[in-house]
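Novice: Got a file for you: model-v2.txt, compact mmCIF, C-alpha atoms.
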```txt
# COMPACT_ATOMS: atom_id res chain seq x y z
CA MET A 24 134.56 111.07 86.41
CA SER A 25 133.10 110.00 89.72
CA ARG A 26 134.56 109.39 93.16
CA ASN A 27 133.54 108.54 96.70
CA ILE A 28 133.51 111.72 98.75
CA LEU A 29 132.12 113.01 102.00
CA THR A 30 130.35 116.23 101.19
CA ARG A 31 127.54 118.55 102.14
CA LEU A 32 124.83 118.17 99.54
CA PRO A 33 123.81 121.18 97.46
CA GLU A 34 120.78 123.15 98.61
CA SER A 35 118.47 121.34 96.21
CA LEU A 36 119.31 117.99 97.84
CA ALA A 37 119.74 118.95 101.47
CA SER A 38 117.57 117.48 104.17
CA PRO A 39 115.19 119.87 105.91
CA THR A 40 117.76 120.28 108.70
CA GLY A 41 120.59 121.03 106.29
CA ILE A 42 122.81 118.34 107.80
CA LEU A 43 125.02 115.90 105.99
CA VAL A 44 122.97 112.98 104.65
CA GLY A 45 124.24 109.61 103.50
CA ARG A 46 127.65 108.08 103.98
CA SER A 47 128.53 107.95 100.28
CA SER A 48 128.00 110.46 97.52
CA ARG A 49 129.11 109.90 93.96
CA MET A 50 129.31 113.03 91.85
CA THR A 51 130.07 113.69 88.21
CA ARG A 52 129.91 116.79 86.11
CA GLN A 53 129.29 117.02 82.39
CA ILE A 54 127.62 119.51 80.04
CA PRO A 55 126.27 117.71 76.96
CA ILE A 56 123.98 119.59 74.58
CA ASN A 57 120.97 117.54 73.66
CA GLY A 58 119.50 118.82 71.00
CA VAL A 59 103.61 95.87 67.52
CA SER A 60 103.77 92.66 65.89
CA HIS A 61 106.10 90.09 67.50
CA LEU A 62 105.22 91.35 70.96
CA ARG A 63 104.60 88.62 73.47
CA ARG A 64 102.12 90.83 75.34
CA TRP A 65 101.29 94.50 75.31
CA ASN A 66 98.33 96.69 76.05
CA SER A 67 97.24 99.51 78.33
CA SER A 68 94.98 98.44 81.16
CA GLY A 69 92.54 100.47 83.16
CA THR A 70 91.18 102.59 80.33
CA THR A 71 87.61 102.72 81.56
CA GLY A 72 86.02 104.45 84.47
CA GLY A 73 87.13 107.66 86.15
CA LEU A 74 90.51 109.32 86.05
CA LEU A 75 91.60 107.47 89.20
CA SER A 76 90.17 104.47 90.99
CA ASN A 77 89.14 104.72 94.63
CA LEU A 78 92.34 102.88 95.57
CA ALA A 79 94.48 105.35 93.65
CA ARG A 80 92.62 108.32 95.09
CA SER A 81 93.41 107.10 98.60
CA THR A 82 97.16 106.85 97.91
CA VAL A 83 97.92 109.77 95.55
CA HIS A 84 98.49 113.32 96.77
CA LYS A 85 95.61 115.69 95.95
CA VAL A 86 97.91 118.15 94.13
CA ALA A 87 99.13 115.35 91.88
CA ILE A 88 95.57 114.15 91.21
CA SER A 89 94.34 117.56 90.09
CA GLY A 90 97.59 118.93 88.67
CA PHE A 91 98.13 115.91 86.44
CA GLY A 92 94.46 115.56 85.52
CA GLU A 93 92.76 115.22 82.18
CA GLY A 94 94.24 117.46 79.49
CA THR A 95 97.67 117.97 81.10
CA ASN A 96 99.41 114.75 80.14
CA ASP A 97 100.37 115.45 76.53
CA LEU A 98 102.00 118.75 77.55
CA TYR A 99 103.85 116.95 80.34
CA ASP A 100 105.18 114.33 77.94
CA ARG A 101 106.19 116.91 75.33
CA ALA A 102 107.71 119.52 77.63
CA ARG A 103 109.52 117.56 80.32
CA PRO A 104 113.25 116.85 79.89
CA SER A 105 114.75 113.45 79.27
CA TYR A 106 117.65 112.09 81.35
CA PRO A 107 121.39 112.28 80.58
CA PRO A 108 123.33 109.27 79.27
CA ASP A 109 125.65 108.93 82.26
CA ALA A 110 122.64 108.59 84.58
CA LEU A 111 121.32 105.73 82.44
CA HIS A 112 124.76 104.10 82.49
CA LYS A 113 124.79 104.34 86.28
CA ILE A 114 121.40 102.62 86.44
CA HIS A 115 122.51 99.95 83.94
CA GLN A 116 125.64 99.19 85.96
CA THR A 117 123.65 99.08 89.19
CA ILE A 118 121.13 96.54 87.92
CA SER A 119 123.65 94.40 86.03
CA ARG A 120 125.82 93.86 89.11
CA PHE A 121 123.35 91.44 90.71
CA SER A 122 120.91 90.66 87.89
CA GLY A 123 119.42 87.20 87.84
CA GLY A 124 120.00 86.48 84.16
CA GLU A 125 120.90 87.86 80.76
CA ARG A 126 117.50 89.53 80.39
CA TRP A 127 115.99 91.66 83.10
CA LYS A 128 112.64 91.91 84.81
CA ILE A 129 111.90 95.50 85.83
CA ILE A 130 109.04 97.26 87.66
CA GLU A 131 108.62 101.00 87.19
CA PRO A 132 106.13 102.54 89.65
CA GLY A 133 105.03 106.12 89.11
CA SER A 134 105.85 105.84 85.42
CA GLY A 135 103.78 108.84 84.37
CA THR A 136 103.63 109.34 80.62
CA GLY A 137 106.54 106.97 79.95
CA ILE A 138 109.42 109.40 79.41
CA PHE A 139 111.79 107.17 81.39
CA THR A 140 110.12 103.95 80.27
CA ARG A 141 111.10 104.67 76.67
CA LEU A 142 114.76 105.10 77.63
CA LEU A 143 114.75 101.64 79.20
CA LEU A 144 113.28 100.13 76.06
CA SER A 145 115.11 101.98 73.29
CA PRO A 146 118.14 104.30 73.44
CA PRO A 147 117.57 107.63 71.68
CA PRO A 148 118.81 107.75 68.08
CA ALA A 149 122.15 109.24 67.14
CA SER A 150 122.38 113.00 66.82
CA ASN A 151 121.90 114.73 63.48
CA GLY A 152 125.65 114.81 63.06
CA GLY A 153 125.80 111.05 63.28
CA ALA A 154 127.49 110.86 66.69
CA PRO A 155 126.29 108.03 68.94
CA SER A 156 123.71 109.06 71.51
CA GLY A 157 125.76 107.53 74.32
CA TYR A 158 122.83 105.72 75.98
CA PRO A 159 123.11 102.06 77.04
CA ASN A 160 120.90 99.23 75.87
CA PHE A 161 118.88 97.58 78.64
CA PRO A 162 118.36 93.83 78.08
CA ILE A 163 114.68 93.89 79.02
CA ASP A 164 112.67 90.70 79.25
CA THR A 165 109.68 92.13 81.12
CA LEU A 166 108.97 95.74 82.00
CA VAL A 167 105.76 96.58 83.83
CA SER A 168 105.05 100.22 84.60
CA ILE A 169 102.65 101.19 87.38
CA GLU A 170 100.69 104.45 87.12
CA PRO A 171 97.52 105.50 89.00
CA SER A 172 96.47 108.20 86.52
CA GLN A 173 94.34 106.98 83.62
CA GLY A 174 95.32 110.00 81.54
CA MET A 175 99.01 109.34 82.04
CA ARG A 176 98.55 105.65 81.23
CA LYS A 177 96.90 106.65 77.97
CA THR A 178 99.78 108.98 77.06
CA TRP A 179 102.24 106.24 78.09
CA SER A 180 100.53 103.88 75.64
CA ASN A 181 100.48 106.41 72.81
CA GLY A 182 104.15 107.20 73.30
CA LEU A 183 105.13 103.56 73.26
CA HIS A 184 103.62 103.25 69.78
CA SER A 185 104.73 106.59 68.33
CA LYS A 186 108.05 107.55 69.93
CA ILE A 187 110.22 104.44 69.81
CA PRO A 188 110.87 101.93 67.01
CA GLN A 189 108.40 99.08 67.29
CA LYS A 190 111.25 96.67 66.64
CA ALA A 191 112.58 97.62 70.09
CA LEU A 192 109.54 95.94 71.63
CA GLU A 193 109.92 92.59 69.88
CA GLY A 194 110.21 89.65 72.22
CA LYS A 195 109.55 91.76 75.31
CA THR A 196 106.65 91.86 77.70
CA VAL A 197 105.84 95.56 78.10
CA GLN A 198 102.82 96.74 80.06
CA VAL A 199 101.38 99.59 82.09
CA VAL A 200 98.96 98.80 84.91
CA GLU A 201 97.07 100.71 87.55
CA GLY A 202 98.55 100.57 91.02
CA ALA A 203 100.46 102.50 93.64
CA PHE A 204 103.82 102.54 95.41
CA ASP A 205 102.46 100.08 97.97
CA ASP A 206 100.36 97.96 95.59
CA PHE A 207 102.16 96.02 92.86
CA HIS A 208 99.78 93.06 92.65
CA LYS A 209 98.80 93.62 89.01
CA VAL A 210 102.36 93.06 87.78
CA GLU A 211 101.91 89.38 88.58
CA GLU A 212 99.48 89.11 85.67
CA TYR A 213 102.52 89.58 83.41
CA GLY A 214 104.87 87.06 84.97
CA LEU A 215 106.60 89.17 87.62
CA LYS A 216 106.70 87.18 90.83
CA LYS A 217 107.81 88.16 94.30
CA GLY A 218 111.53 87.73 94.91
CA GLU A 219 112.38 87.55 91.18
CA VAL A 220 112.58 91.18 89.98
CA ASP A 221 116.00 92.53 88.92
CA GLY A 222 115.22 96.16 89.69
CA VAL A 223 112.55 98.66 90.69
CA VAL A 224 113.09 102.10 89.14
CA VAL A 225 111.13 105.21 90.11
CA ALA A 226 111.70 108.28 87.92
CA GLN A 227 110.54 111.75 89.01
CA ALA A 228 107.84 110.38 91.30
CA TRP A 229 109.01 109.03 94.67
CA HIS A 230 108.49 112.39 96.43
CA TRP A 231 104.73 111.78 96.04
CA CYS A 232 104.92 108.61 98.18
CA ASP A 233 103.21 109.18 101.53
CA ASP A 234 103.63 105.70 103.04
CA HIS A 235 107.33 104.89 102.93
CA GLU A 236 106.99 101.95 105.31
CA GLY A 237 104.33 100.22 103.22
CA ALA A 238 105.95 101.07 99.90
CA LEU A 239 109.43 99.85 100.89
CA ARG A 240 108.01 96.58 102.16
CA GLU A 241 106.06 96.06 98.93
CA ILE A 242 109.10 96.88 96.79
CA SER A 243 111.41 94.65 98.81
CA SER A 244 109.02 91.72 98.47
CA TYR A 245 109.40 91.76 94.66
CA LEU A 246 113.17 92.35 94.47
CA ARG A 247 115.56 89.44 94.30
CA PRO A 248 118.30 89.48 96.99
CA SER A 249 120.79 92.35 96.41
CA ALA A 250 118.64 93.80 93.60
CA PRO A 251 118.17 97.58 93.71
CA LEU A 252 115.44 100.10 94.23
CA ILE A 253 116.61 103.08 92.14
CA LEU A 254 115.15 106.57 92.55
CA ILE A 255 116.00 109.23 89.97
CA TRP A 256 115.04 112.88 89.67
CA ASN A 257 115.78 115.79 87.36
CA LEU A 258 115.87 119.15 89.14
CA GLU A 259 116.52 122.56 87.62
CA SER A 260 119.94 123.73 88.77
CA ARG A 261 120.27 126.95 90.76
CA GLN A 262 123.35 127.86 88.74
CA PRO A 263 123.80 130.09 86.87
CA HIS A 264 122.20 132.69 89.14
CA TRP A 265 119.29 133.50 86.82
CA GLN A 266 118.10 129.89 87.03
CA GLY A 267 117.96 130.25 90.80
CA GLU A 268 115.85 133.39 90.30
CA ILE A 269 113.41 131.41 88.18
CA ARG A 270 113.06 128.72 90.86
CA ASP A 271 112.52 131.41 93.48
CA SER A 272 109.73 132.84 91.34
CA TYR A 273 107.65 129.66 90.97
CA GLU A 274 108.39 127.53 94.04
CA PRO A 275 106.18 129.66 96.35
CA TYR A 276 103.20 128.43 94.29
CA ASP A 277 103.74 124.75 95.22
CA LEU A 278 100.69 124.60 97.55
CA GLY A 279 102.67 122.92 100.30
CA SER A 280 103.00 119.76 98.20
CA PRO A 281 105.92 117.39 98.95
CA GLN A 282 108.15 118.51 96.08
CA TYR A 283 111.47 116.73 95.70
CA TYR A 284 113.60 119.78 96.51
CA LYS A 285 112.07 119.96 100.01
CA GLY A 286 113.68 116.67 101.00
CA LEU A 287 110.59 115.33 102.76
CA TRP A 288 111.04 112.01 100.95
CA ARG A 289 114.15 111.46 103.11
CA LYS A 290 111.85 110.36 105.92
CA MET A 291 112.00 106.96 104.21
CA PHE A 292 115.43 106.46 105.80
CA GLU A 293 113.86 106.66 109.27
CA THR A 294 111.50 103.75 108.65
CA GLN A 295 111.82 100.26 110.08
CA ALA A 296 111.41 98.85 106.57
CA TYR A 297 114.50 100.70 105.29
CA MET A 298 116.67 99.67 108.23
CA GLU A 299 115.43 96.08 108.20
CA LEU A 300 115.26 95.32 104.47
CA PHE A 301 117.83 97.47 102.63
CA GLU A 302 121.56 98.09 102.63
CA GLU A 303 122.90 101.60 103.27
CA LYS A 304 121.88 103.98 100.48
CA GLU A 305 124.20 105.27 97.79
CA GLU A 306 123.69 108.74 96.32
CA TRP A 307 125.00 109.87 92.95
CA ILE A 308 124.69 113.23 91.20
CA THR A 309 125.40 114.54 87.73
CA THR A 310 124.99 118.06 86.35
CA TRP A 311 124.24 118.52 82.68
CA GLY A 312 122.75 120.97 80.23
CA THR A 313 120.23 120.92 77.42
CA GLY A 314 119.36 123.42 74.73
CA ILE A 315 115.99 125.13 75.16
CA SER A 316 114.11 128.18 73.88
CA GLU A 317 112.19 130.67 76.00
CA ASP A 318 108.81 129.29 74.91
CA GLU A 319 109.92 125.71 75.51
CA LEU A 320 111.05 126.66 79.00
CA ILE A 321 107.66 128.23 79.71
CA ASP A 322 105.90 125.03 78.61
CA ARG A 323 108.24 122.94 80.75
CA LEU A 324 107.74 124.99 83.90
CA PHE A 325 103.97 125.21 83.55
CA SER A 326 103.73 121.42 83.19
CA LYS A 327 104.48 121.20 86.93
CA SER A 328 101.49 119.89 88.87
CA TYR A 329 101.00 123.03 90.95
CA LEU A 330 101.42 125.39 87.97
CA THR A 331 98.76 123.85 85.73
CA SER A 332 95.39 125.53 85.21
CA ALA A 333 93.90 123.30 87.92
CA HIS A 334 95.75 125.35 90.53
CA LEU A 335 96.89 128.59 88.91
CA SER A 336 94.34 131.25 88.01
CA PRO A 337 94.68 132.98 84.61
CA ALA A 338 95.77 136.18 86.38
CA ASP A 339 98.43 134.41 88.43
CA ARG A 340 99.57 132.50 85.36
CA GLU A 341 100.01 135.75 83.42
CA LYS A 342 101.83 137.41 86.32
CA LEU A 343 104.22 134.49 86.85
CA GLU A 344 104.87 133.97 83.15
CA THR A 345 105.70 137.67 82.70
CA GLN A 346 108.10 137.48 85.64
CA ILE A 347 109.86 134.37 84.29
CA ARG A 348 110.15 135.75 80.76
CA GLY A 349 111.68 138.91 82.19
CA ILE A 350 114.33 136.89 84.02
CA VAL A 351 115.14 134.88 80.91
CA ARG A 352 115.46 137.95 78.69
CA ASP A 353 117.73 139.77 81.15
CA ALA A 354 120.04 136.77 81.65
CA GLN A 355 123.52 136.28 80.23
CA HIS A 356 123.11 133.06 78.26
CA ASP A 357 125.41 130.32 77.11
CA TRP A 358 123.97 130.18 73.61
CA VAL A 359 123.49 126.91 71.78
CA ASP A 360 121.98 128.64 68.72
CA LYS A 361 121.49 132.36 69.24
CA ASP A 362 119.72 132.89 65.91
CA LYS A 363 117.06 130.38 66.95
CA GLY A 364 116.94 131.61 70.53
CA ILE A 365 118.20 128.33 72.01
CA PHE A 366 120.28 128.61 75.17
CA GLN A 367 121.82 126.23 77.68
CA TYR A 368 119.63 125.23 80.63
CA LYS A 369 121.23 123.23 83.42
CA TYR A 370 119.88 120.35 85.47
CA ASP A 371 121.01 118.24 88.38
CA THR A 372 120.07 114.60 87.96
CA ASP A 373 120.11 112.78 91.27
CA ILE A 374 120.04 109.04 91.84
CA VAL A 375 119.47 107.20 95.11
CA ILE A 376 120.18 103.45 95.21
CA LEU A 377 118.90 101.05 97.88
CA ARG A 378 119.82 97.40 97.56
CA ARG A 379 117.65 94.75 99.13
CA LYS A 380 119.62 92.89 101.76
CA ALA A 381 120.79 89.47 100.62
```
Written as structure tokens, that's how I'd like the structure from this file.

Specialist:
Amino acid sequence: MSRNILTRLPESLASPTGILVGRSSRMTRQIPINGVSHLRRWNSSGTTGGLLSNLARSTVHKVAISGFGEGTNDLYDRARPSYPPDALHKIHQTISRFSGGERWKIIEPGSGTGIFTRLLLSPPPASNGGAPSGYPNFPIDTLVSIEPSQGMRKTWSNGLHSKIPQKALEGKTVQVVEGAFDDFHKVEEYGLKKGEVDGVVVAQAWHWCDDHEGALREISSYLRPSAPLILIWNLESRQPHWQGEIRDSYEPYDLGSPQYYKGLWRKMFETQAYMELFEEKEEWITTWGTGISEDELIDRLFSKSYLTSAHLSPADREKLETQIRGIVRDAQHDWVDKDKGIFQYKYDTDIVILRRKA
């Protein structure tokens, strides 16, 4: 269920001033428990040279460069959560409303290891009990991901081969290229031209953008009229209370980086590019839960850029991990499978939609 409401956003979404943001908020609530032949073109570019090119180094935050460096990407891909079905349905509906044809052309900047990419290409399989997964099918013609990190591009490529059925790639142009939020030029090598893209989707990455003016102008130049820029994030919920305690334990280690929960990314709405090129934003929120064990939660939390070994000393890692495990063990859990130690862990998934003006 969703509805248009005027509301104060929860703490995790509030602007730095704490004031009401946006004129429309759509909210839903659900608690699900989640337990190359025939390709027109596919490969992974940029596999030689250093971890990041000079261009990428100039546009990527230093905490992201080091925190997502060599050796961290497989853990990131394994430990990070997926996204709930209703969020994917919202994105599907948003793109389909003004799509230019039966098959879509999509750009995905900041694609990371491809967790979201794979959802666009192939819905997850049905659950063990045979129930449908509930995810929509995206009619992809061309999907080009953009990722500055060589290590993440490599993991993206590996996941595309090993984690989705290869039949899902047949007849599609699927590619990952080096680039940045304000530099999409390499997508044109794979048939994506300015003014012809059906949607730009950024999953769990836009908060790293430090040039909103340049990025919004670049994005707008590739979108067809009325096509959307869609930003999506997963954020650990502060409810129940023990989850808020966990966030309070690790967030002080964030090294002053522009994490999503700080709301610094909202400065994009003050830019001339936003006011000139895009319609008024729409914001949509869903809360959901997934089953997780204590060890899986530890892996997930320590895959955060500022909690990897690049930034956290062994002593600080041990201290923080002991603190988090103590909170988990003292908590009153909603058990998914108590014998296996799997409990419910809640997330807010937040979507921001900006349509290019017609």

Novice: Could you check which residues have any atom within 12 Å of (117.5, 115.6, 93.6), counting all atoms listed in the file with coordinates taken straight from the file, and then list them as a ChimeraX atom specification?

Specialist: /A:32-38,226-230,254-260,282-289,306-310,370-375

Novice: Applying 10 Å and all atoms listed in the file, which residues near range 292-294 of chain A remain after dropping the ones on its own chain fewer than 2 positions away? List them as a list in words.

Specialist: Gly45, Asp234, His235, Glu236, Gly237, Leu239, Trp288, Arg289, Lys290, Ala296, Tyr297, Met298, Glu299, Phe301, Glu303 and Lys304 of chain A

Novice: As a VMD selection string, please: the residues near Tyr368 in chain A (cut-off 12 Å, only C-alpha atoms, same-chain neighbours under 5 positions excluded).

Specialist: chain A and resid 54 to 58 104 258 to 267 269 310 to 317 319 to 320 323 351 354 to 359

Novice: Mind checking which residues fall within 9 Å of range 273-279 of chain A, counting all atoms listed in the file, ignoring those fewer than 3 positions away in the same chain, and posting them as number ranges by chain?

Specialist: A: 86, 269-270, 282, 324, 328-330, 334-335, 343, 347

Novice: Could you check how far CA of Ser244 in chain A sits from CA of Thr178 in chain A, in Å to one decimal?

Specialist: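 That distance, rounded to one decimal, is 29.0 Å.
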
Novice: To one decimal in Å, tell me the separation between CA of Ser105 in chain A and CA of Leu142 in chain A.

Specialist: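 These two atoms are separated by 8.5 Å.
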
Novice: Nearest residue to Ala191 in chain A out of A:Trp231, A:Tyr213, A:Tyr245, A:Phe161, using only C-alpha atoms?

Specialist: A:Phe161

Novice: When distances are computed from all atoms listed in the file, which of A:Ile130, A:Lys369, A:Glu211, A:Gly123 shows the smallest separation from Pro107 in chain A?

Specialist: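 Using all atoms listed in the file, Pro107 in chain A sits closest to A:Lys369.
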
Novice: Within 10 Å of range 206-209 of chain A, counting only C-alpha atoms, which residues qualify if same-chain residues fewer than 5 places away don't, as a list in words?

Specialist: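 Within the cut-off, the hits are Ser68, Leu78, Ala79, Thr82, Ile130, Glu131, Pro132, Val167, Ser168, Ile169, Val199, Val200, Glu201, Gly214, Leu215, Lys216, Lys217, Gly237, Ala238, Glu241, Ile242, Ser244 and Tyr245 of chain A.
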
Novice: With C-alpha atoms retained, could you export that selection as a short mmCIF file (atom, residue, chain, number, x, y, z; two decimals), keeping the file's coordinate frame?

Specialist:
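What follows is the written file result34.cif:
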```
data_model
loop_
_atom_site.label_atom_id
_atom_site.label_comp_id
_atom_site.auth_asym_id
_atom_site.auth_seq_id
_atom_site.Cartn_x
_atom_site.Cartn_y
_atom_site.Cartn_z
CA SER A 68 94.98 98.44 81.16
CA LEU A 78 92.34 102.88 95.57
CA ALA A 79 94.48 105.35 93.65
CA THR A 82 97.16 106.85 97.91
CA ILE A 130 109.04 97.26 87.66
CA GLU A 131 108.62 101.00 87.19
CA PRO A 132 106.13 102.54 89.65
CA VAL A 167 105.76 96.58 83.83
CA SER A 168 105.05 100.22 84.60
CA ILE A 169 102.65 101.19 87.38
CA VAL A 199 101.38 99.59 82.09
CA VAL A 200 98.96 98.80 84.91
CA GLU A 201 97.07 100.71 87.55
CA GLY A 214 104.87 87.06 84.97
CA LEU A 215 106.60 89.17 87.62
CA LYS A 216 106.70 87.18 90.83
CA LYS A 217 107.81 88.16 94.30
CA GLY A 237 104.33 100.22 103.22
CA ALA A 238 105.95 101.07 99.90
CA GLU A 241 106.06 96.06 98.93
CA ILE A 242 109.10 96.88 96.79
CA SER A 244 109.02 91.72 98.47
CA TYR A 245 109.40 91.76 94.66
#
```

Novice: Using all atoms listed in the file, find the one residue out of A:His184, A:Arg126, A:Arg141, A:Arg352 that sits nearest to Val220 in chain A.

Specialist: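 Under the stated criterion, the closest residue is A:Arg126.
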
Novice: Rank A:Lys113, A:Arg378, A:Arg176, A:Lys342 by their smallest atom-to-atom distance to Thr140 in chain A, using all atoms listed in the file, and report the top residue only.

Specialist: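 Checking each of A:Lys113, A:Arg378, A:Arg176, A:Lys342 against Thr140 in chain A, counting all atoms listed in the file, the winner is A:Arg176.
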
Novice: What does the distance from CA of Ile138 in chain A to CA of Gly218 in chain A come to in Å, to one decimal?

Specialist: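 Computed distance, CA of Ile138 in chain A to CA of Gly218 in chain A, equals 26.7 Å.
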
Novice: Check the smallest atom-to-atom distance from each of A:Gly174, A:Ala333, A:Asp318, A:Pro251 to Gln116 in chain A using only C-alpha atoms, then report the winner.

Specialist: A:Pro251

Novice: Identify which of the residues A:Ile376, A:Leu246, A:Met175, A:Ile365 lies closest to Val225 in chain A, counting only C-alpha atoms when measuring atom-to-atom distances.

Specialist: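 When distances to Val225 in chain A are compared using only C-alpha atoms, the smallest one comes from A:Ile376.
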
Novice: Counting only C-alpha atoms, what is within 12 Å of His115 in chain A, bar same-chain residues fewer than 3 positions away, as a PyMOL selection string?

Specialist: chain A and resi 108-112+118-122+127+129+142-143+158-163+221-222+224+251+253

Novice: Please return range 211-229 of chain A, rebuilt to N, CA and C atoms, as a compact mmCIF listing (two decimals), in the coordinates of the input.

Specialist:
```
# COMPACT_ATOMS: atom_id res chain seq x y z
N GLU A 211 101.84 90.84 88.60
CA GLU A 211 101.91 89.38 88.58
C GLU A 211 101.12 88.79 87.42
N GLU A 212 100.20 89.56 86.86
CA GLU A 212 99.48 89.11 85.67
C GLU A 212 100.39 88.98 84.46
N TYR A 213 101.59 89.57 84.54
CA TYR A 213 102.52 89.58 83.41
C TYR A 213 103.83 88.89 83.77
N GLY A 214 103.75 87.95 84.70
CA GLY A 214 104.87 87.06 84.97
C GLY A 214 105.88 87.55 85.98
N LEU A 215 105.65 88.67 86.63
CA LEU A 215 106.60 89.17 87.62
C LEU A 215 106.19 88.67 89.00
N LYS A 216 107.01 87.81 89.55
CA LYS A 216 106.70 87.18 90.83
C LYS A 216 107.56 87.77 91.94
N LYS A 217 107.07 87.65 93.15
CA LYS A 217 107.81 88.16 94.30
C LYS A 217 109.15 87.46 94.42
N GLY A 218 110.18 88.26 94.73
CA GLY A 218 111.53 87.73 94.91
C GLY A 218 112.29 87.47 93.63
N GLU A 219 111.74 87.88 92.46
CA GLU A 219 112.38 87.55 91.18
C GLU A 219 112.67 88.77 90.31
N VAL A 220 112.43 89.97 90.80
CA VAL A 220 112.58 91.18 89.98
C VAL A 220 114.01 91.70 90.10
N ASP A 221 114.60 92.08 88.96
CA ASP A 221 116.00 92.53 88.92
C ASP A 221 116.17 93.99 89.33
N GLY A 222 115.11 94.77 89.28
CA GLY A 222 115.22 96.16 89.69
C GLY A 222 113.87 96.84 89.71
N VAL A 223 113.70 97.77 90.66
CA VAL A 223 112.55 98.66 90.69
C VAL A 223 113.09 100.07 90.50
N VAL A 224 112.58 100.77 89.48
CA VAL A 224 113.09 102.10 89.14
C VAL A 224 111.93 103.09 89.22
N VAL A 225 112.14 104.17 89.96
CA VAL A 225 111.13 105.21 90.11
C VAL A 225 111.72 106.53 89.61
N ALA A 226 111.18 107.06 88.53
CA ALA A 226 111.70 108.28 87.92
C ALA A 226 110.76 109.45 88.18
N GLN A 227 111.25 110.47 88.84
CA GLN A 227 110.54 111.75 89.01
C GLN A 227 109.21 111.58 89.73
N ALA A 228 109.15 110.66 90.69
CA ALA A 228 107.84 110.38 91.30
C ALA A 228 107.89 110.03 92.78
N TRP A 229 109.00 109.56 93.31
CA TRP A 229 109.01 109.03 94.67
C TRP A 229 108.62 110.07 95.72
```
